[in-house]
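Asker: Could you have a look at this structure, given as structure tokens, before my questions?
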Amino acid sequence: MRINKYIASCGVCSRRKADELIKAGRVKVNGAVLAEPGIEVGDADTVQVDGRTVEADAEFVYYLLNKPVGYLTAVTDPAGRRTVMELIDTDKRVFPVGRLDLNTSGVLLLTNDGDFSYRLMHPKHEVDKVYRVRVAGQVTKEQLAKLRHGVDIGGYTTKRARVDVISWTKHSTILEVTIHEGKNRQIRRMFKAVGKAVEELERIELAGLTAGRLRPGESRKLNPGEVSRLKNL
């Protein structure tokens with residue numbers, strides 16, 4: 001098994017994060033710091049991340065969290081800030097699927113299934129991510145057109161997006177935005193590109209999953225039907 005996929009299957013992190021750990025020299029295979037990120041490992045190999053031996057988990061778990069504002073989407077934080085891990089009651093080494101920034105709330109998945117995370121977040125699968133956005137002031141037709149057709153967010157032009165105005169006053173506008181991508185702080189950067197400041201941001205749906213009756217900070221396990229549907233997307 002490729003080393004990044006193996007690390008992900010151990011519930012340490014996603015494949016993408018595993019590649020970052022390898023580049024940083026934090027992964028050892030059979031006692032030697034890994035120099036080649038594309039190597040294959042098997043049951044006879046000993047893999048260590050940050051000095052700790054990791055092994056593939058025999059049982060995968062999947063959680064849906066209604067993330068509150070003020071929690072970092074990370075397993076740990078060197079600065080000591082609160083992370084979403086504090087909100088999940090499990091003895092498994094789960095990690096977040098994708099990210100929501102510190103001041104964004106809403107639907108977030110956590111799992112120890114790295115392959116599931118990789119497939120769900122890969123852009124080619126075009127998984128819907130739906131956000132409710134409140135911005136200062138009113139949004140013009142020209143700004144809406146730009147958001148829908150794609151904007152430059154700093155070296156990257158976003159794909160077409162669905163952008164619907166839900167309500168507005170002279171002070172603010174509430175919109176619903178559906179995207180397939182997952183660039184860092186993408187929604188905030190999209191609105192900034194058209195001259196609008198995001199005041200509140202919530203992900204209300206991910207791959208058809210909503211928070212439902214979960215209050216901010218609450219979580220639940222996905223049922224087998226939900227897991228199967230997501231794996232077949």
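Here, A, B, ... name the chains of the structure tokens in the order displayed, residue numbers run from 1 inside each chain, and ligands are numbered from 1 in the same displayed order.
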Within segment 15-188 of chain A, find each residue whose DSSP state, derived from the backbone, is alpha helix (DSSP H), and express the selection as an MDAnalysis selection string.

Answerer: chainID A and resid 15:23 114:121 141:149 186:188

Asker: Using 7 Å as the limit and counting only C-alpha atoms, can you tabulate each residue of segment 34-141 of chain A that touches segment 213-222 of chain A, with its shortest atom-to-atom distance in Å and the two atoms involved, as JSON lines?

Answerer:
```
{"residue": "A:Tyr62", "atom": "CA", "partner": "A:Leu222", "partner_atom": "CA", "distance": 5.6}
{"residue": "A:Tyr63", "atom": "CA", "partner": "A:Lys221", "partner_atom": "CA", "distance": 4.4}
{"residue": "A:Leu64", "atom": "CA", "partner": "A:Ser219", "partner_atom": "CA", "distance": 5.4}
{"residue": "A:Leu65", "atom": "CA", "partner": "A:Ser219", "partner_atom": "CA", "distance": 4.2}
{"residue": "A:Asn66", "atom": "CA", "partner": "A:Pro216", "partner_atom": "CA", "distance": 5.0}
{"residue": "A:Lys67", "atom": "CA", "partner": "A:Gly217", "partner_atom": "CA", "distance": 5.5}
{"residue": "A:Pro68", "atom": "CA", "partner": "A:Pro216", "partner_atom": "CA", "distance": 5.0}
{"residue": "A:Leu87", "atom": "CA", "partner": "A:Gly217", "partner_atom": "CA", "distance": 6.1}
{"residue": "A:Ile88", "atom": "CA", "partner": "A:Ser219", "partner_atom": "CA", "distance": 6.8}
```

Asker: Wanna dump the segment 113-145 of chain A-segment 228-233 of chain A contacts at 8 Å for me, each residue with its shortest atom pair and the distance in Å to one decimal, counting only C-alpha atoms, ordered by chain and number, as a Markdown table?

Answerer:
```
| residue | atom | partner | partner_atom | distance |
| --- | --- | --- | --- | --- |
| A:Phe116 | CA | A:Lys231 | CA | 6.8 |
| A:Arg119 | CA | A:Lys231 | CA | 7.9 |
| A:Leu120 | CA | A:Leu230 | CA | 7.4 |
| A:His125 | CA | A:Leu233 | CA | 7.2 |
| A:Val127 | CA | A:Leu233 | CA | 7.8 |
```

Asker: For the residues in the current selection, export N, CA and C atoms as a compact mmCIF listing (two decimals), in the first residue's frame.

Answerer:
```txt
# COMPACT_ATOMS: atom_id res chain seq x y z
N PHE A 116 -11.74 7.13 2.49
CA PHE A 116 -13.06 7.76 2.39
C PHE A 116 -12.92 9.28 2.33
N ARG A 119 -11.49 10.43 -1.12
CA ARG A 119 -12.44 10.35 -2.23
C ARG A 119 -13.54 11.41 -2.10
N LEU A 120 -14.00 11.65 -0.89
CA LEU A 120 -15.09 12.60 -0.69
C LEU A 120 -14.65 14.02 -1.01
N HIS A 125 -14.95 14.48 -7.96
CA HIS A 125 -16.22 13.87 -7.57
C HIS A 125 -17.34 14.91 -7.48
N VAL A 127 -18.56 16.95 -5.23
CA VAL A 127 -19.48 16.84 -4.10
C VAL A 127 -19.99 18.23 -3.72
```

Asker: Mind checking which residues fall within 9 Å of Ala197 of chain A, counting only C-alpha atoms, ignoring those fewer than 4 positions away in the same chain, and posting them as a short mmCIF file (atom, residue, chain, number, x, y, z; two decimals) with C-alpha atoms, in the first residue's frame?

Answerer:
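File produced: around-v7.cif:
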```cif
data_model
loop_
_atom_site.label_atom_id
_atom_site.label_comp_id
_atom_site.auth_asym_id
_atom_site.auth_seq_id
_atom_site.Cartn_x
_atom_site.Cartn_y
_atom_site.Cartn_z
CA ARG A 134 -24.34 36.97 5.24
CA VAL A 135 -22.47 39.89 3.74
CA ALA A 136 -22.48 43.58 4.51
CA GLY A 137 -24.71 45.73 2.31
CA ARG A 188 -14.71 34.42 1.98
CA PHE A 191 -16.82 37.54 -1.90
CA LYS A 192 -13.72 39.58 -1.20
#
```

Asker: Which value, in Å to one decimal, gives the distance between atom CA of Met85 of chain A and atom CA of Gly11 of chain A?

Answerer: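 These two atoms are separated by 13.3 Å.
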
Asker: Determine, counting only C-alpha atoms, which protein, DNA and RNA residues have an atom within 9 Å of an atom of segment 146-159 of chain A; residues of the same chain fewer than 2 positions away are not included. Present the result as a PyMOL selection string.

Answerer: chain A and resi 141-144+161-163+179-181+183+186+189-194

Asker: I need the residues from that last selection saved to file as a PDB file, in the first residue's frame (with C-alpha atoms), if you can.

Answerer:
```pdb
ATOM      1  CA  LYS A 141     -26.365  41.807 -10.328  1.00  0.00           C
ATOM      2  CA  GLU A 142     -22.838  42.290 -11.642  1.00  0.00           C
ATOM      3  CA  GLN A 143     -21.311  40.896  -8.451  1.00  0.00           C
ATOM      4  CA  LEU A 144     -23.675  37.909  -8.533  1.00  0.00           C
ATOM      5  CA  ALA A 161     -21.095  28.226  -8.560  1.00  0.00           C
ATOM      6  CA  ARG A 162     -24.774  28.394  -7.721  1.00  0.00           C
ATOM      7  CA  VAL A 163     -25.464  31.654  -5.899  1.00  0.00           C
ATOM      8  CA  ILE A 179     -19.625  24.944  -4.745  1.00  0.00           C
ATOM      9  CA  HIS A 180     -17.765  21.715  -5.553  1.00  0.00           C
ATOM     10  CA  GLU A 181     -14.275  22.894  -4.674  1.00  0.00           C
ATOM     11  CA  LYS A 183      -9.904  25.876  -1.518  1.00  0.00           C
ATOM     12  CA  GLN A 186     -12.809  29.903  -0.595  1.00  0.00           C
ATOM     13  CA  ARG A 189     -12.134  34.938  -0.777  1.00  0.00           C
ATOM     14  CA  MET A 190     -14.803  34.756  -3.490  1.00  0.00           C
ATOM     15  CA  PHE A 191     -16.816  37.540  -1.902  1.00  0.00           C
ATOM     16  CA  LYS A 192     -13.720  39.576  -1.195  1.00  0.00           C
ATOM     17  CA  ALA A 193     -12.873  39.324  -4.909  1.00  0.00           C
ATOM     18  CA  VAL A 194     -16.116  41.149  -5.737  1.00  0.00           C
TER      19      VAL A 194
END
```

Asker: Name all residues at most 10 Å from Leu108 of chain A (count only C-alpha atoms; drop same-chain ones fewer than 3 positions away) and give them as a list in words.

Answerer: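 The residues that qualify are Tyr63, Leu64, Leu65, Asn66, Lys67, Thr73, Val84, Pro96, Val97, Gly98, Arg99, Leu100, Ser105, Arg203, Ile204, Glu205, Leu206, Leu209, Thr210, Ala211 and Ser219 of chain A.
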
Asker: Write the residues of the selection above to a file with N, CA and C atoms, as a compact mmCIF listing (two decimals), in the first residue's frame.

Answerer:
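out.txt, written as the output of this step:
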```
# COMPACT_ATOMS: atom_id res chain seq x y z
N TYR A 63 -18.38 10.42 11.80
CA TYR A 63 -19.17 11.32 12.62
C TYR A 63 -19.57 12.57 11.84
N LEU A 64 -20.76 13.05 12.15
CA LEU A 64 -21.23 14.32 11.62
C LEU A 64 -21.31 15.30 12.78
N LEU A 65 -20.62 16.42 12.66
CA LEU A 65 -20.56 17.44 13.71
C LEU A 65 -21.18 18.73 13.21
N ASN A 66 -21.96 19.37 14.07
CA ASN A 66 -22.41 20.74 13.80
C ASN A 66 -21.40 21.66 14.47
N LYS A 67 -20.40 22.06 13.70
CA LYS A 67 -19.27 22.83 14.25
C LYS A 67 -19.70 24.24 14.65
N THR A 73 -10.53 23.62 12.97
CA THR A 73 -10.68 22.33 12.31
C THR A 73 -9.30 21.69 12.17
N VAL A 84 -11.91 20.99 17.06
CA VAL A 84 -13.15 20.22 16.95
C VAL A 84 -13.03 18.86 17.62
N PRO A 96 -10.64 15.49 10.88
CA PRO A 96 -11.66 16.16 10.07
C PRO A 96 -11.51 15.85 8.59
N VAL A 97 -12.64 15.75 7.91
CA VAL A 97 -12.68 15.59 6.46
C VAL A 97 -12.81 16.99 5.86
N GLY A 98 -11.73 17.49 5.27
CA GLY A 98 -11.74 18.87 4.79
C GLY A 98 -11.61 19.83 5.96
N ARG A 99 -12.07 21.07 5.74
CA ARG A 99 -11.91 22.07 6.80
C ARG A 99 -13.01 23.11 6.76
N LEU A 100 -13.26 23.67 7.94
CA LEU A 100 -14.03 24.89 8.09
C LEU A 100 -13.16 25.82 8.93
N SER A 105 -19.12 28.11 10.85
CA SER A 105 -19.84 27.05 11.55
C SER A 105 -20.45 26.08 10.55
N ARG A 203 -21.73 26.38 6.82
CA ARG A 203 -21.96 25.31 5.84
C ARG A 203 -23.20 24.55 6.28
N ILE A 204 -24.24 24.62 5.47
CA ILE A 204 -25.52 24.03 5.85
C ILE A 204 -25.73 22.64 5.25
N GLU A 205 -24.87 22.27 4.30
CA GLU A 205 -25.02 20.95 3.69
C GLU A 205 -23.70 20.49 3.09
N LEU A 206 -23.39 19.22 3.26
CA LEU A 206 -22.21 18.60 2.66
C LEU A 206 -22.61 17.25 2.12
N LEU A 209 -25.78 15.88 3.35
CA LEU A 209 -25.95 15.79 4.80
C LEU A 209 -26.14 17.19 5.39
N THR A 210 -27.10 17.31 6.30
CA THR A 210 -27.32 18.56 7.02
C THR A 210 -27.19 18.31 8.52
N ALA A 211 -27.11 19.38 9.28
CA ALA A 211 -27.00 19.24 10.74
C ALA A 211 -28.29 18.70 11.35
N SER A 219 -22.78 16.20 17.94
CA SER A 219 -22.39 15.32 16.85
C SER A 219 -23.17 14.02 16.93
```

Asker: So how far away is atom CA of Ala56 of chain A from atom CA of Val12 of chain A, in Å?

Answerer: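 Result for atom CA of Val12 of chain A versus atom CA of Ala56 of chain A: 9.4 Å, one decimal.
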
Asker: Run DSSP on the backbone of this structure and report the residues of chain A it assigns to strand (DSSP E), as an MDAnalysis selection string.

Answerer: chainID A and resid 27:29 32:33 47:49 52:53 62:67 95:97 105:111 129:136 162:168 172:179 198:206 219:221

Asker: Which residues are close to Asp113 of chain A, i.e. within 9 Å by only C-alpha atoms, leaving aside same-chain residues fewer than 6 positions away? Reply as a PyMOL selection string.

Answerer: chain A and resi 8-11+13-14+57+59-62+94-95

Asker: Put those residues in a file: N, CA and C atoms, as a PDB file, in the first residue's frame.

Answerer:
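Output file selection35.pdb is given in full below:
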```
ATOM      1  N   ALA A   8      -3.096   7.268   6.211  1.00  0.00           N
ATOM      2  CA  ALA A   8      -4.502   7.656   6.292  1.00  0.00           C
ATOM      3  C   ALA A   8      -5.352   6.524   6.850  1.00  0.00           C
ATOM      4  N   SER A   9      -5.046   5.290   6.468  1.00  0.00           N
ATOM      5  CA  SER A   9      -5.823   4.144   6.951  1.00  0.00           C
ATOM      6  C   SER A   9      -5.608   3.890   8.433  1.00  0.00           C
ATOM      7  N   CYS A  10      -4.546   4.468   8.984  1.00  0.00           N
ATOM      8  CA  CYS A  10      -4.277   4.341  10.419  1.00  0.00           C
ATOM      9  C   CYS A  10      -5.032   5.403  11.231  1.00  0.00           C
ATOM     10  N   GLY A  11      -5.775   6.262  10.545  1.00  0.00           N
ATOM     11  CA  GLY A  11      -6.550   7.277  11.235  1.00  0.00           C
ATOM     12  C   GLY A  11      -5.722   8.444  11.719  1.00  0.00           C
ATOM     13  N   CYS A  13      -4.399  11.000   9.669  1.00  0.00           N
ATOM     14  CA  CYS A  13      -4.760  12.200   8.930  1.00  0.00           C
ATOM     15  C   CYS A  13      -5.194  11.791   7.530  1.00  0.00           C
ATOM     16  N   SER A  14      -5.531  12.770   6.711  1.00  0.00           N
ATOM     17  CA  SER A  14      -5.881  12.499   5.322  1.00  0.00           C
ATOM     18  C   SER A  14      -4.630  12.194   4.509  1.00  0.00           C
ATOM     19  N   ASP A  57      -6.376   0.842  11.517  1.00  0.00           N
ATOM     20  CA  ASP A  57      -7.491   0.577  12.417  1.00  0.00           C
ATOM     21  C   ASP A  57      -8.414  -0.460  11.786  1.00  0.00           C
ATOM     22  N   GLU A  59     -11.520  -0.949  12.586  1.00  0.00           N
ATOM     23  CA  GLU A  59     -12.905  -0.473  12.532  1.00  0.00           C
ATOM     24  C   GLU A  59     -12.934   1.003  12.160  1.00  0.00           C
ATOM     25  N   PHE A  60     -13.651   1.318  11.089  1.00  0.00           N
ATOM     26  CA  PHE A  60     -13.807   2.699  10.674  1.00  0.00           C
ATOM     27  C   PHE A  60     -15.055   3.301  11.309  1.00  0.00           C
ATOM     28  N   VAL A  61     -14.955   4.563  11.688  1.00  0.00           N
ATOM     29  CA  VAL A  61     -16.097   5.279  12.259  1.00  0.00           C
ATOM     30  C   VAL A  61     -16.268   6.589  11.502  1.00  0.00           C
ATOM     31  N   TYR A  62     -17.513   7.104  11.504  1.00  0.00           N
ATOM     32  CA  TYR A  62     -17.837   8.297  10.730  1.00  0.00           C
ATOM     33  C   TYR A  62     -18.785   9.162  11.570  1.00  0.00           C
ATOM     34  N   VAL A  94      -9.800   9.861  15.134  1.00  0.00           N
ATOM     35  CA  VAL A  94     -10.465  10.451  13.981  1.00  0.00           C
ATOM     36  C   VAL A  94      -9.820  11.787  13.614  1.00  0.00           C
ATOM     37  N   PHE A  95     -10.099  12.241  12.420  1.00  0.00           N
ATOM     38  CA  PHE A  95      -9.605  13.535  11.951  1.00  0.00           C
ATOM     39  C   PHE A  95     -10.677  14.176  11.071  1.00  0.00           C
TER      40      PHE A  95
END
```

Asker: Mind giving me the straight-line distance from atom CA of Thr76 of chain A to atom CA of Gly25 of chain A in Å, one decimal?

Answerer: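 A separation of 18.4 Å between them.
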
Asker: Between A:Lys170, A:Arg2, A:Arg52, A:Arg82, which one has atoms that come closest to Lys28 of chain A, using only C-alpha atoms?

Answerer: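 Between A:Lys170, A:Arg2, A:Arg52, A:Arg82, the residue approaching Lys28 of chain A most closely is A:Arg52.
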
Asker: For Trp168 of chain A, list every protein, DNA or RNA residue within 7 Å, evaluated using only C-alpha atoms, and leave out those in the same chain fewer than 5 positions away; present the list as a compact mmCIF listing (two decimals) with N, CA and C atoms, in the first residue's frame.

Answerer:
```txt
# COMPACT_ATOMS: atom_id res chain seq x y z
N GLN A 138 -25.78 45.41 0.17
CA GLN A 138 -26.48 44.69 -0.88
C GLN A 138 -25.51 44.20 -1.95
N THR A 173 -27.06 41.27 3.17
CA THR A 173 -27.68 40.32 2.24
C THR A 173 -27.34 38.91 2.68
N ILE A 174 -28.34 38.03 2.66
CA ILE A 174 -28.12 36.61 2.96
C ILE A 174 -28.24 35.83 1.67
```
